[in-house]
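A quick write-up on the structure given underneath.
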Amino acid sequence: MNKNALITGITGQDGAYLAKLLLDKGYTVYGLMARRGSDGLWRLRELGVENEVSLIDGDLMDVTSLIRAMETSKASEVYNLGAQSFVGTSWTQPVLTAQVTGVGAVNVLEAVRIVNPEARFYQASTSEMFGLIQAERQDESTPFYPRSPYGVAKLMAHWATVNYRESFGLHASSGILFNHESPLRGPEFVTRKVALAVARIKLGLQKELRLGNIDAKRDWGFAGDYVEAMWAMLQQEQADDYVIATGVTTTVRDMCEIAFSHVGLNYKDHVVIDPEFFRPAEVDVLLGNPGKAERKLGWKPHTSLNELIAMMVDADMRRLGGAPE
Ligand code: NAP
Ligand code: G4F
């Protein structure tokens, strides 16, 4: 095995897990890194791979930097994970979201087409595209109905991936991934927000946790399991699109119950509903059907929501200096 891979979004949650997976498989891993003031390498450091990857300066909005990244990396597999990925922010920064999350994907596809059209391409599509769901369990044939500027931008990127496959014959696949979480999740997303608050409350550092719509339901899996599906898609002879999910949906409320009870607390004593965290349009429920991925990729999730939330709370307890439960 002597393959080169390029990952955009390598400093994000999935980028870090995917980098580790590919390194373990013997790949030489390059990552596109946008210039930032703060330390962007903490996730790669936590997984012990900070010094194993080669970072290339670049930005999804600058196609010339992507062409250079393709030339430098000589990648035969390109994973486009970079995005403005927080749904809430997409209402306050819709144009940036469209540029990074939507046009950014087209920029990567163009760089692949120009520099090495033989390279295999993965697009990080999302269950947010289903939005106002048109079927009780969403699969690859369920119509899309995005409910946020983020969902709209991702839909553009998704169809661009399909279009480059059909127009130019690129080996371009799209993973329609449902929510996936981990101890490396950004603190703005609800599972990590809850895990961090639970750890802080348990250690006496905070008393309440302010949340928005806790009746929303999500199909939550573990990011470490989901990056295996990304890799598997690019190993197929034919490029295609796949739903990646657990097939189980849970309310934010019940997820809170799991997290608080893990450390012997009752969520009802601490959760406060705050209108600030409600969204202009909500995705009420998501529930995926990963049957195609199981049949064609041999992929299955291995981590239950209880295990996942326990792992996240324990990691935050450890980071704060408390003993995990
Ligand atoms: P994440 O933690 O937010 O990571 C996003 C990455 O994109 C970060 O490395 C970020 O770098 C990078 N990025 C942002 N703007 C950029 C720009 N202009 N140029 C280059 N890089 C830029 O997201 P994630 O949870 O790992 O998700 C990975 C991908 O899967 C995203 O595309 C997301 O939309 C999609 N997705 C996620 C889920 C999920 O549940 N996690 C589900 C479906 C799809 P900085 O940190 O330096 O800004
Ligand atoms: O954790 P969330 O912010 O994730 P959301 O909006 O489902 O998006 C995530 O999953 C998508 C896949 O479906 C990805 F494409 C996307 O990039 C991202 O990774 O919110 C989950 C639910 C929402 O219904 C939200 O309204 O939790 C609800 N919620 C209730 N209170 C909250 C809060 N969400 C956040 N972030 N913060 C709250 O206080």
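Labels used: A, B, ... for chains in the order of the structure tokens, numbers from 1 for residues in each chain, and numbers from 1 for ligands as shown.
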**Neighbour list for Glu118 (chain A) as a PyMOL selection string, cut-off 7 Å, only C-alpha atoms, skip fewer than 2 positions in-chain** = chain A and resi 116+120+170
Hey, can you spit out that residue selection with C-alpha atoms as a tab-separated table (two decimals), in the first residue's frame?
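Saved the output as part.tsv:
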```
chain	number	residue	atom	x	y	z
A	116	ASN	CA	-5.85	14.33	-11.80
A	120	ARG	CA	-11.29	9.27	-6.47
A	170	LEU	CA	-15.06	11.25	-12.23
```
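Neighbours of Ala111 (chain A) closer than or equal to 10 Å, with only C-alpha atoms counted and sequence neighbours fewer than 3 positions away skipped, come out as Val63, Thr64, Ser65, Leu66, Ile67, Arg68, Ala69, Met70, Glu71, Ala105, Val106, Asn107, Val108, Ile114, Val115, Asn116 and Pro117 of chain A.
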**Message:** For the structure I just gave you, how does DSSP split region 109-296 of chain A - specifically, which residues are helix (DSSP H, G or I)? Reply as a ChimeraX atom specification.
**Reply:** /A:109-115,127-129,149-168,190-202,223-234,252-262,267-269,275-277,291-296
Counting only C-alpha atoms and all ligand atoms, which residues of chain A fall within 6 Å of ligand 2, and what is the closest atom pair for each with its distance in Å at one decimal, ordered by chain and rising number, as JSON lines?
```
{"residue": "A:Ser85", "atom": "CA", "partner": "ligand 2", "partner_atom_place_in_ligand_line": "17 (O)", "distance": 4.0}
{"residue": "A:Phe86", "atom": "CA", "partner": "ligand 2", "partner_atom_place_in_ligand_line": "17 (O)", "distance": 5.3}
{"residue": "A:Val87", "atom": "CA", "partner": "ligand 2", "partner_atom_place_in_ligand_line": "6 (O)", "distance": 4.9}
{"residue": "A:Thr126", "atom": "CA", "partner": "ligand 2", "partner_atom_place_in_ligand_line": "15 (F)", "distance": 4.5}
{"residue": "A:Ser127", "atom": "CA", "partner": "ligand 2", "partner_atom_place_in_ligand_line": "13 (O)", "distance": 4.3}
{"residue": "A:Glu128", "atom": "CA", "partner": "ligand 2", "partner_atom_place_in_ligand_line": "13 (O)", "distance": 4.3}
{"residue": "A:Phe178", "atom": "CA", "partner": "ligand 2", "partner_atom_place_in_ligand_line": "12 (C)", "distance": 4.7}
{"residue": "A:Asn179", "atom": "CA", "partner": "ligand 2", "partner_atom_place_in_ligand_line": "12 (C)", "distance": 4.2}
{"residue": "A:Glu188", "atom": "CA", "partner": "ligand 2", "partner_atom_place_in_ligand_line": "36 (N)", "distance": 5.3}
{"residue": "A:Phe189", "atom": "CA", "partner": "ligand 2", "partner_atom_place_in_ligand_line": "1 (O)", "distance": 3.7}
{"residue": "A:Val190", "atom": "CA", "partner": "ligand 2", "partner_atom_place_in_ligand_line": "1 (O)", "distance": 3.8}
{"residue": "A:Thr191", "atom": "CA", "partner": "ligand 2", "partner_atom_place_in_ligand_line": "1 (O)", "distance": 5.9}
{"residue": "A:Leu211", "atom": "CA", "partner": "ligand 2", "partner_atom_place_in_ligand_line": "39 (O)", "distance": 3.7}
{"residue": "A:Gly212", "atom": "CA", "partner": "ligand 2", "partner_atom_place_in_ligand_line": "31 (N)", "distance": 3.5}
{"residue": "A:Asn213", "atom": "CA", "partner": "ligand 2", "partner_atom_place_in_ligand_line": "30 (C)", "distance": 4.2}
{"residue": "A:Ile214", "atom": "CA", "partner": "ligand 2", "partner_atom_place_in_ligand_line": "30 (C)", "distance": 4.9}
{"residue": "A:Ala216", "atom": "CA", "partner": "ligand 2", "partner_atom_place_in_ligand_line": "24 (O)", "distance": 4.7}
{"residue": "A:Val252", "atom": "CA", "partner": "ligand 2", "partner_atom_place_in_ligand_line": "27 (O)", "distance": 6.0}
{"residue": "A:Phe277", "atom": "CA", "partner": "ligand 2", "partner_atom_place_in_ligand_line": "39 (O)", "distance": 5.1}
{"residue": "A:Phe278", "atom": "CA", "partner": "ligand 2", "partner_atom_place_in_ligand_line": "26 (O)", "distance": 5.9}
{"residue": "A:Val283", "atom": "CA", "partner": "ligand 2", "partner_atom_place_in_ligand_line": "24 (O)", "distance": 5.8}
```
Dump of N, CA, C and O atoms for the selected residues, as a short mmCIF file (atom, residue, chain, number, x, y, z; two decimals), in the first residue's frame:
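Resulting contents of out20.cif:
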```cif
data_model
loop_
_atom_site.label_atom_id
_atom_site.label_comp_id
_atom_site.auth_asym_id
_atom_site.auth_seq_id
_atom_site.Cartn_x
_atom_site.Cartn_y
_atom_site.Cartn_z
N SER A 85 -19.82 24.07 8.98
CA SER A 85 -20.68 22.89 9.22
C SER A 85 -21.71 23.10 10.32
O SER A 85 -22.47 22.18 10.60
N PHE A 86 -21.73 24.26 10.95
CA PHE A 86 -22.69 24.47 12.04
C PHE A 86 -23.98 25.09 11.48
O PHE A 86 -23.96 26.21 10.95
N VAL A 87 -25.06 24.34 11.60
CA VAL A 87 -26.34 24.75 11.01
C VAL A 87 -26.77 26.12 11.54
O VAL A 87 -27.19 26.99 10.77
N THR A 126 -24.95 15.28 3.65
CA THR A 126 -25.53 15.27 4.99
C THR A 126 -27.03 14.99 5.00
O THR A 126 -27.75 15.37 4.08
N SER A 127 -27.48 14.42 6.10
CA SER A 127 -28.91 14.19 6.31
C SER A 127 -29.68 15.51 6.44
O SER A 127 -30.91 15.51 6.31
N GLU A 128 -28.98 16.62 6.69
CA GLU A 128 -29.66 17.93 6.69
C GLU A 128 -30.35 18.19 5.36
O GLU A 128 -31.28 18.99 5.29
N PHE A 178 -25.65 10.84 8.48
CA PHE A 178 -26.48 11.36 9.56
C PHE A 178 -25.55 11.82 10.68
O PHE A 178 -24.34 11.55 10.65
N ASN A 179 -26.12 12.51 11.67
CA ASN A 179 -25.29 13.11 12.73
C ASN A 179 -24.33 12.08 13.34
O ASN A 179 -24.75 10.99 13.71
N GLU A 188 -20.05 23.57 20.03
CA GLU A 188 -21.32 24.23 19.68
C GLU A 188 -22.42 23.23 19.32
O GLU A 188 -23.60 23.56 19.32
N PHE A 189 -22.04 21.99 18.98
CA PHE A 189 -23.03 20.98 18.61
C PHE A 189 -23.65 20.38 19.87
O PHE A 189 -22.99 20.27 20.91
N VAL A 190 -24.93 19.94 19.77
CA VAL A 190 -25.68 19.72 21.00
C VAL A 190 -25.14 18.57 21.86
O VAL A 190 -25.12 18.69 23.09
N THR A 191 -24.67 17.49 21.26
CA THR A 191 -24.19 16.38 22.11
C THR A 191 -22.97 16.80 22.93
O THR A 191 -22.85 16.50 24.11
N LEU A 211 -30.61 25.15 26.66
CA LEU A 211 -30.80 24.49 25.37
C LEU A 211 -32.02 25.04 24.65
O LEU A 211 -32.87 25.70 25.27
N GLY A 212 -32.13 24.70 23.35
CA GLY A 212 -33.28 25.11 22.54
C GLY A 212 -34.31 24.00 22.47
O GLY A 212 -34.84 23.54 23.50
N ASN A 213 -34.59 23.52 21.26
CA ASN A 213 -35.66 22.54 21.03
C ASN A 213 -35.20 21.13 21.40
O ASN A 213 -34.56 20.45 20.61
N ILE A 214 -35.58 20.69 22.60
CA ILE A 214 -35.11 19.37 23.04
C ILE A 214 -36.06 18.25 22.58
O ILE A 214 -35.85 17.08 22.90
N ALA A 216 -36.47 17.84 19.31
CA ALA A 216 -35.92 17.41 18.01
C ALA A 216 -35.32 16.01 18.16
O ALA A 216 -34.78 15.66 19.22
N VAL A 252 -33.42 14.97 21.68
CA VAL A 252 -32.36 15.67 22.44
C VAL A 252 -32.62 15.47 23.93
O VAL A 252 -31.69 15.25 24.72
N PHE A 277 -31.74 29.53 21.53
CA PHE A 277 -31.17 28.38 20.82
C PHE A 277 -32.16 27.69 19.87
O PHE A 277 -31.84 26.65 19.29
N PHE A 278 -33.36 28.29 19.73
CA PHE A 278 -34.28 27.77 18.71
C PHE A 278 -33.86 28.29 17.34
O PHE A 278 -33.27 29.36 17.23
N VAL A 283 -35.27 21.10 11.71
CA VAL A 283 -35.38 19.74 11.20
C VAL A 283 -35.87 18.92 12.39
O VAL A 283 -35.11 18.66 13.32
#
```
Per residue of chain A within 7 Å of ligand 1, note the shortest atom pair and the distance in Å to one decimal, counting only C-alpha atoms and all ligand atoms, and order the rows by chain and increasing residue number, as a tab-separated table.
```
residue	atom	partner	partner_atom_place_in_ligand_line	distance
A:Thr8	CA	ligand 1	21 (N)	6.0
A:Gly9	CA	ligand 1	9 (O)	3.3
A:Ile10	CA	ligand 1	9 (O)	4.9
A:Thr11	CA	ligand 1	9 (O)	3.8
A:Gly12	CA	ligand 1	4 (O)	3.4
A:Gln13	CA	ligand 1	26 (O)	3.6
A:Asp14	CA	ligand 1	26 (O)	3.7
A:Gly15	CA	ligand 1	26 (O)	5.6
A:Leu32	CA	ligand 1	20 (C)	6.5
A:Met33	CA	ligand 1	20 (C)	6.0
A:Ala34	CA	ligand 1	20 (C)	4.8
A:Arg35	CA	ligand 1	47 (O)	6.9
A:Arg36	CA	ligand 1	47 (O)	5.9
A:Gly40	CA	ligand 1	47 (O)	5.7
A:Gly58	CA	ligand 1	20 (C)	6.5
A:Asp59	CA	ligand 1	19 (N)	3.7
A:Leu60	CA	ligand 1	19 (N)	4.0
A:Met61	CA	ligand 1	18 (N)	5.7
A:Asn80	CA	ligand 1	32 (O)	7.0
A:Leu81	CA	ligand 1	29 (C)	4.1
A:Gly82	CA	ligand 1	7 (O)	3.2
A:Ala83	CA	ligand 1	7 (O)	4.3
A:Gln84	CA	ligand 1	14 (C)	5.0
A:Ser85	CA	ligand 1	34 (O)	4.0
A:Phe86	CA	ligand 1	3 (O)	6.6
A:Val100	CA	ligand 1	18 (N)	5.2
A:Thr101	CA	ligand 1	32 (O)	6.9
A:Ala124	CA	ligand 1	30 (O)	4.6
A:Ser125	CA	ligand 1	44 (C)	5.2
A:Thr126	CA	ligand 1	43 (C)	3.8
A:Ser127	CA	ligand 1	43 (C)	6.2
A:Ile176	CA	ligand 1	43 (C)	6.6
A:Leu177	CA	ligand 1	43 (C)	4.4
A:Phe178	CA	ligand 1	42 (C)	5.0
A:Asn179	CA	ligand 1	40 (O)	3.3
A:His180	CA	ligand 1	40 (O)	4.0
A:Glu181	CA	ligand 1	41 (N)	6.1
A:Arg185	CA	ligand 1	2 (O)	6.3
A:Gly186	CA	ligand 1	2 (O)	5.9
```
Just write the chosen residues, C-alpha atoms, as a tab-separated table (two decimals), in the first residue's frame.
```tsv
chain	number	residue	atom	x	y	z
A	8	THR	CA	-9.93	19.03	3.26
A	9	GLY	CA	-11.21	19.78	6.76
A	10	ILE	CA	-8.43	17.67	8.31
A	11	THR	CA	-8.53	19.82	11.47
A	12	GLY	CA	-12.22	19.01	12.05
A	13	GLN	CA	-13.76	16.08	13.89
A	14	ASP	CA	-14.07	13.74	10.90
A	15	GLY	CA	-10.82	14.92	9.35
A	32	LEU	CA	-5.59	21.25	3.56
A	33	MET	CA	-5.30	23.75	6.38
A	34	ALA	CA	-6.89	27.20	6.27
A	35	ARG	CA	-5.01	29.97	8.06
A	36	ARG	CA	-6.45	30.57	11.51
A	40	GLY	CA	-6.36	24.10	14.95
A	58	GLY	CA	-5.10	26.52	1.44
A	59	ASP	CA	-8.74	27.53	1.52
A	60	LEU	CA	-11.83	26.03	-0.09
A	61	MET	CA	-12.72	29.46	-1.47
A	80	ASN	CA	-13.80	16.88	0.85
A	81	LEU	CA	-14.73	17.26	4.52
A	82	GLY	CA	-14.12	21.01	4.81
A	83	ALA	CA	-17.20	23.15	5.41
A	84	GLN	CA	-18.87	25.78	7.53
A	85	SER	CA	-20.68	22.89	9.22
A	86	PHE	CA	-22.69	24.47	12.04
A	100	VAL	CA	-17.34	27.45	1.63
A	101	THR	CA	-19.83	24.58	1.88
A	124	ALA	CA	-19.32	14.94	2.80
A	125	SER	CA	-23.05	15.17	2.15
A	126	THR	CA	-25.53	15.27	4.99
A	127	SER	CA	-28.91	14.19	6.31
A	176	ILE	CA	-25.11	11.16	3.04
A	177	LEU	CA	-24.08	10.97	6.67
A	178	PHE	CA	-26.48	11.36	9.56
A	179	ASN	CA	-25.29	13.11	12.73
A	180	HIS	CA	-22.11	11.61	14.11
A	181	GLU	CA	-20.39	12.67	17.27
A	185	ARG	CA	-16.98	17.15	18.37
A	186	GLY	CA	-17.02	20.98	18.38
```
**Item:** Which residue of A:Glu50, A:Glu325, A:Glu276, A:Glu294 approaches Gly264 (chain A) most closely, using only C-alpha atoms
**Value:**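 Of all the options, A:Glu325 lies closest to Gly264 (chain A).
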**Message:** If you run DSSP on the backbone here, which positions in region 167-265 of chain A get strand (DSSP E or B)? Please write them as a list in words.
**Reply:**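 Here is the list: His171, Ala172, Ser173, Ser174, Gly175, Ile176, Leu177, His180, Glu181, Leu209, Arg210, Leu211, Lys217, Arg218, Gly221, Phe222, Asp241, Tyr242, Val243, Ile244, Thr250 and Thr251 of chain A.
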What would the file look like if the residues just selected were written as a CSV table (one decimal), in the first residue's frame with N, CA and C atoms?
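part_22.csv, written as the output of this step:
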```csv
chain,number,residue,atom,x,y,z
A,171,HIS,N,-14.7,9.5,-10.6
A,171,HIS,CA,-15.0,8.6,-9.5
A,171,HIS,C,-15.4,9.4,-8.3
A,172,ALA,N,-16.6,10.0,-8.3
A,172,ALA,CA,-17.0,10.9,-7.3
A,172,ALA,C,-18.2,10.3,-6.5
A,173,SER,N,-18.0,10.1,-5.2
A,173,SER,CA,-19.1,9.5,-4.4
A,173,SER,C,-19.5,10.5,-3.3
A,174,SER,N,-20.7,10.3,-2.9
A,174,SER,CA,-21.3,11.2,-1.9
A,174,SER,C,-21.8,10.3,-0.7
A,175,GLY,N,-21.3,10.7,0.5
A,175,GLY,CA,-21.8,10.0,1.7
A,175,GLY,C,-22.8,10.8,2.3
A,176,ILE,N,-24.1,10.4,2.4
A,176,ILE,CA,-25.1,11.2,3.0
A,176,ILE,C,-25.1,10.7,4.5
A,177,LEU,N,-24.3,11.4,5.3
A,177,LEU,CA,-24.1,11.0,6.7
A,177,LEU,C,-25.1,11.6,7.6
A,180,HIS,N,-23.1,12.5,13.4
A,180,HIS,CA,-22.1,11.6,14.1
A,180,HIS,C,-21.2,12.5,15.0
A,181,GLU,N,-20.9,11.9,16.2
A,181,GLU,CA,-20.4,12.7,17.3
A,181,GLU,C,-19.2,11.9,17.8
A,209,LEU,N,-27.8,24.3,32.3
A,209,LEU,CA,-27.5,24.1,30.8
A,209,LEU,C,-28.6,24.7,30.0
A,210,ARG,N,-28.3,25.6,29.2
A,210,ARG,CA,-29.4,26.3,28.4
A,210,ARG,C,-29.5,25.7,27.0
A,211,LEU,N,-30.6,25.2,26.7
A,211,LEU,CA,-30.8,24.5,25.4
A,211,LEU,C,-32.0,25.0,24.7
A,217,LYS,N,-35.4,15.2,17.1
A,217,LYS,CA,-34.9,13.9,17.1
A,217,LYS,C,-33.8,13.7,16.1
A,218,ARG,N,-32.7,13.0,16.5
A,218,ARG,CA,-31.6,12.8,15.6
A,218,ARG,C,-31.2,11.3,15.6
A,221,GLY,N,-24.7,8.7,15.5
A,221,GLY,CA,-23.7,7.6,15.5
A,221,GLY,C,-22.3,8.1,16.0
A,222,PHE,N,-21.3,7.3,16.0
A,222,PHE,CA,-20.0,7.6,16.4
A,222,PHE,C,-19.1,7.9,15.2
A,241,ASP,N,-23.7,6.9,-4.3
A,241,ASP,CA,-24.1,7.7,-3.1
A,241,ASP,C,-24.7,6.7,-2.1
A,242,TYR,N,-24.3,7.0,-0.8
A,242,TYR,CA,-24.7,6.0,0.3
A,242,TYR,C,-25.2,6.8,1.5
A,243,VAL,N,-26.3,6.4,2.1
A,243,VAL,CA,-26.8,6.9,3.4
A,243,VAL,C,-26.0,6.1,4.5
A,244,ILE,N,-25.4,6.9,5.4
A,244,ILE,CA,-24.7,6.3,6.6
A,244,ILE,C,-25.4,6.7,7.8
A,250,THR,N,-33.4,9.4,18.4
A,250,THR,CA,-33.6,9.7,19.8
A,250,THR,C,-33.8,11.2,19.9
A,251,THR,N,-34.6,11.6,20.9
A,251,THR,CA,-34.8,13.1,21.1
A,251,THR,C,-33.6,13.7,21.8
```
**Request:** Calculate how many Å separate CA of Gly102 (chain A) from CA of Gly151 (chain A), rounding to one decimal.
**Result:**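 Separating CA of Gly102 (chain A) from CA of Gly151 (chain A) is a distance of 9.5 Å.
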**Request:** Tell me which protein, DNA and RNA residues are within 10 Å of Asp269 (chain A), counting only C-alpha atoms, leaving out same-chain ones fewer than 2 positions away, and put them as a list of chain:residue names.
**Result:**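 Here the answer would be A:Lys207, A:Glu208, A:Leu209, A:Phe260, A:Leu265, A:Asn266, A:Tyr267, A:Val271, A:Val272.
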Just write the chosen residues, all heavy atoms, as a PDB file, in the first residue's frame.
```pdb
ATOM      1  N   LYS A 207     -23.978  25.369  36.917  1.00  0.00           N
ATOM      2  CA  LYS A 207     -25.204  24.825  37.536  1.00  0.00           C
ATOM      3  C   LYS A 207     -26.248  24.425  36.508  1.00  0.00           C
ATOM      4  O   LYS A 207     -26.894  23.406  36.629  1.00  0.00           O
ATOM      5  CB  LYS A 207     -25.810  25.869  38.476  1.00  0.00           C
ATOM      6  CG  LYS A 207     -25.098  25.952  39.818  1.00  0.00           C
ATOM      7  CD  LYS A 207     -26.033  26.541  40.886  1.00  0.00           C
ATOM      8  CE  LYS A 207     -25.553  26.249  42.288  1.00  0.00           C
ATOM      9  NZ  LYS A 207     -24.188  26.712  42.555  1.00  0.00           N
ATOM     10  N   GLU A 208     -26.410  25.286  35.475  1.00  0.00           N
ATOM     11  CA  GLU A 208     -27.489  25.010  34.524  1.00  0.00           C
ATOM     12  C   GLU A 208     -26.946  24.864  33.104  1.00  0.00           C
ATOM     13  O   GLU A 208     -25.817  25.271  32.801  1.00  0.00           O
ATOM     14  CB  GLU A 208     -28.560  26.102  34.589  1.00  0.00           C
ATOM     15  CG  GLU A 208     -28.045  27.462  34.169  1.00  0.00           C
ATOM     16  CD  GLU A 208     -29.139  28.526  34.159  1.00  0.00           C
ATOM     17  OE1 GLU A 208     -30.067  28.460  34.983  1.00  0.00           O
ATOM     18  OE2 GLU A 208     -29.045  29.434  33.306  1.00  0.00           O
ATOM     19  N   LEU A 209     -27.789  24.286  32.261  1.00  0.00           N
ATOM     20  CA  LEU A 209     -27.456  24.103  30.844  1.00  0.00           C
ATOM     21  C   LEU A 209     -28.613  24.653  30.032  1.00  0.00           C
ATOM     22  O   LEU A 209     -29.749  24.168  30.169  1.00  0.00           O
ATOM     23  CB  LEU A 209     -27.266  22.599  30.564  1.00  0.00           C
ATOM     24  CG  LEU A 209     -27.255  22.180  29.099  1.00  0.00           C
ATOM     25  CD1 LEU A 209     -26.124  22.847  28.335  1.00  0.00           C
ATOM     26  CD2 LEU A 209     -27.150  20.660  28.987  1.00  0.00           C
ATOM     27  N   PHE A 260     -26.773  12.933  31.651  1.00  0.00           N
ATOM     28  CA  PHE A 260     -26.797  13.310  33.075  1.00  0.00           C
ATOM     29  C   PHE A 260     -26.801  12.063  33.959  1.00  0.00           C
ATOM     30  O   PHE A 260     -26.110  12.015  34.981  1.00  0.00           O
ATOM     31  CB  PHE A 260     -28.016  14.204  33.378  1.00  0.00           C
ATOM     32  CG  PHE A 260     -27.795  15.645  33.009  1.00  0.00           C
ATOM     33  CD1 PHE A 260     -28.036  16.101  31.721  1.00  0.00           C
ATOM     34  CD2 PHE A 260     -27.333  16.561  33.948  1.00  0.00           C
ATOM     35  CE1 PHE A 260     -27.840  17.437  31.368  1.00  0.00           C
ATOM     36  CE2 PHE A 260     -27.128  17.900  33.608  1.00  0.00           C
ATOM     37  CZ  PHE A 260     -27.383  18.334  32.313  1.00  0.00           C
ATOM     38  N   LEU A 265     -26.824  12.231  37.784  1.00  0.00           N
ATOM     39  CA  LEU A 265     -27.608  13.463  37.900  1.00  0.00           C
ATOM     40  C   LEU A 265     -28.911  13.323  37.108  1.00  0.00           C
ATOM     41  O   LEU A 265     -29.016  12.464  36.222  1.00  0.00           O
ATOM     42  CB  LEU A 265     -26.817  14.662  37.357  1.00  0.00           C
ATOM     43  CG  LEU A 265     -25.512  15.026  38.073  1.00  0.00           C
ATOM     44  CD1 LEU A 265     -24.757  16.114  37.294  1.00  0.00           C
ATOM     45  CD2 LEU A 265     -25.783  15.488  39.508  1.00  0.00           C
ATOM     46  N   ASN A 266     -29.876  14.214  37.427  1.00  0.00           N
ATOM     47  CA  ASN A 266     -31.153  14.251  36.715  1.00  0.00           C
ATOM     48  C   ASN A 266     -31.174  15.501  35.835  1.00  0.00           C
ATOM     49  O   ASN A 266     -31.043  16.619  36.342  1.00  0.00           O
ATOM     50  CB  ASN A 266     -32.296  14.291  37.733  1.00  0.00           C
ATOM     51  CG  ASN A 266     -33.655  14.190  37.049  1.00  0.00           C
ATOM     52  OD1 ASN A 266     -33.797  14.462  35.848  1.00  0.00           O
ATOM     53  ND2 ASN A 266     -34.656  13.798  37.813  1.00  0.00           N
ATOM     54  N   TYR A 267     -31.348  15.313  34.530  1.00  0.00           N
ATOM     55  CA  TYR A 267     -31.291  16.462  33.608  1.00  0.00           C
ATOM     56  C   TYR A 267     -32.341  17.522  33.953  1.00  0.00           C
ATOM     57  O   TYR A 267     -32.136  18.719  33.752  1.00  0.00           O
ATOM     58  CB  TYR A 267     -31.418  15.998  32.143  1.00  0.00           C
ATOM     59  CG  TYR A 267     -32.828  15.757  31.670  1.00  0.00           C
ATOM     60  CD1 TYR A 267     -33.538  16.745  31.003  1.00  0.00           C
ATOM     61  CD2 TYR A 267     -33.472  14.541  31.900  1.00  0.00           C
ATOM     62  CE1 TYR A 267     -34.842  16.537  30.579  1.00  0.00           C
ATOM     63  CE2 TYR A 267     -34.771  14.322  31.485  1.00  0.00           C
ATOM     64  CZ  TYR A 267     -35.456  15.318  30.830  1.00  0.00           C
ATOM     65  OH  TYR A 267     -36.741  15.115  30.411  1.00  0.00           O
ATOM     66  N   VAL A 271     -31.412  21.439  33.120  1.00  0.00           N
ATOM     67  CA  VAL A 271     -31.668  21.964  31.769  1.00  0.00           C
ATOM     68  C   VAL A 271     -32.711  23.078  31.818  1.00  0.00           C
ATOM     69  O   VAL A 271     -33.770  22.928  32.415  1.00  0.00           O
ATOM     70  CB  VAL A 271     -32.113  20.832  30.818  1.00  0.00           C
ATOM     71  CG1 VAL A 271     -32.619  21.412  29.495  1.00  0.00           C
ATOM     72  CG2 VAL A 271     -30.957  19.872  30.563  1.00  0.00           C
ATOM     73  N   VAL A 272     -32.361  24.201  31.180  1.00  0.00           N
ATOM     74  CA  VAL A 272     -33.262  25.353  31.091  1.00  0.00           C
ATOM     75  C   VAL A 272     -33.505  25.614  29.605  1.00  0.00           C
ATOM     76  O   VAL A 272     -32.554  25.660  28.819  1.00  0.00           O
ATOM     77  CB  VAL A 272     -32.593  26.605  31.729  1.00  0.00           C
ATOM     78  CG1 VAL A 272     -33.463  27.843  31.543  1.00  0.00           C
ATOM     79  CG2 VAL A 272     -32.290  26.349  33.201  1.00  0.00           C
TER      80      VAL A 272
END
```
**Request:** Identify, on the basis of only C-alpha atoms, every residue whose closest approach to Glu228 (chain A) does not exceed 8 Å; exclude the query and any residue fewer than 5 positions from it along the same chain; express the result as a list in words.
**Result:**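 Non-adjacent residues within range: Leu18, Leu21 and Trp299 of chain A.
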Generate a file of the selected residues that holds all heavy atoms, formatted as a PDB file, in the first residue's frame.
```
ATOM      1  N   LEU A  18     -10.466  10.417  10.184  1.00  0.00           N
ATOM      2  CA  LEU A  18     -10.143   9.847   8.868  1.00  0.00           C
ATOM      3  C   LEU A  18      -8.625   9.808   8.660  1.00  0.00           C
ATOM      4  O   LEU A  18      -8.090   8.819   8.146  1.00  0.00           O
ATOM      5  CB  LEU A  18     -10.817  10.648   7.753  1.00  0.00           C
ATOM      6  CG  LEU A  18     -10.555  10.124   6.342  1.00  0.00           C
ATOM      7  CD1 LEU A  18     -11.156   8.723   6.139  1.00  0.00           C
ATOM      8  CD2 LEU A  18     -11.119  11.081   5.279  1.00  0.00           C
ATOM      9  N   LEU A  21      -7.327   6.865  10.479  1.00  0.00           N
ATOM     10  CA  LEU A  21      -7.697   5.610   9.803  1.00  0.00           C
ATOM     11  C   LEU A  21      -6.791   5.361   8.594  1.00  0.00           C
ATOM     12  O   LEU A  21      -6.277   4.252   8.388  1.00  0.00           O
ATOM     13  CB  LEU A  21      -9.163   5.682   9.344  1.00  0.00           C
ATOM     14  CG  LEU A  21      -9.681   4.440   8.610  1.00  0.00           C
ATOM     15  CD1 LEU A  21     -10.098   3.371   9.606  1.00  0.00           C
ATOM     16  CD2 LEU A  21     -10.863   4.782   7.695  1.00  0.00           C
ATOM     17  N   TRP A 299     -20.766  -2.216   5.544  1.00  0.00           N
ATOM     18  CA  TRP A 299     -20.565  -1.285   6.660  1.00  0.00           C
ATOM     19  C   TRP A 299     -21.698  -1.371   7.670  1.00  0.00           C
ATOM     20  O   TRP A 299     -22.869  -1.461   7.288  1.00  0.00           O
ATOM     21  CB  TRP A 299     -20.478   0.157   6.157  1.00  0.00           C
ATOM     22  CG  TRP A 299     -20.292   1.134   7.279  1.00  0.00           C
ATOM     23  CD1 TRP A 299     -19.108   1.523   7.843  1.00  0.00           C
ATOM     24  CD2 TRP A 299     -21.328   1.824   8.008  1.00  0.00           C
ATOM     25  NE1 TRP A 299     -19.337   2.414   8.872  1.00  0.00           N
ATOM     26  CE2 TRP A 299     -20.692   2.616   9.001  1.00  0.00           C
ATOM     27  CE3 TRP A 299     -22.716   1.842   7.931  1.00  0.00           C
ATOM     28  CZ2 TRP A 299     -21.401   3.414   9.901  1.00  0.00           C
ATOM     29  CZ3 TRP A 299     -23.425   2.640   8.828  1.00  0.00           C
ATOM     30  CH2 TRP A 299     -22.767   3.420   9.793  1.00  0.00           C
TER      31      TRP A 299
END
```
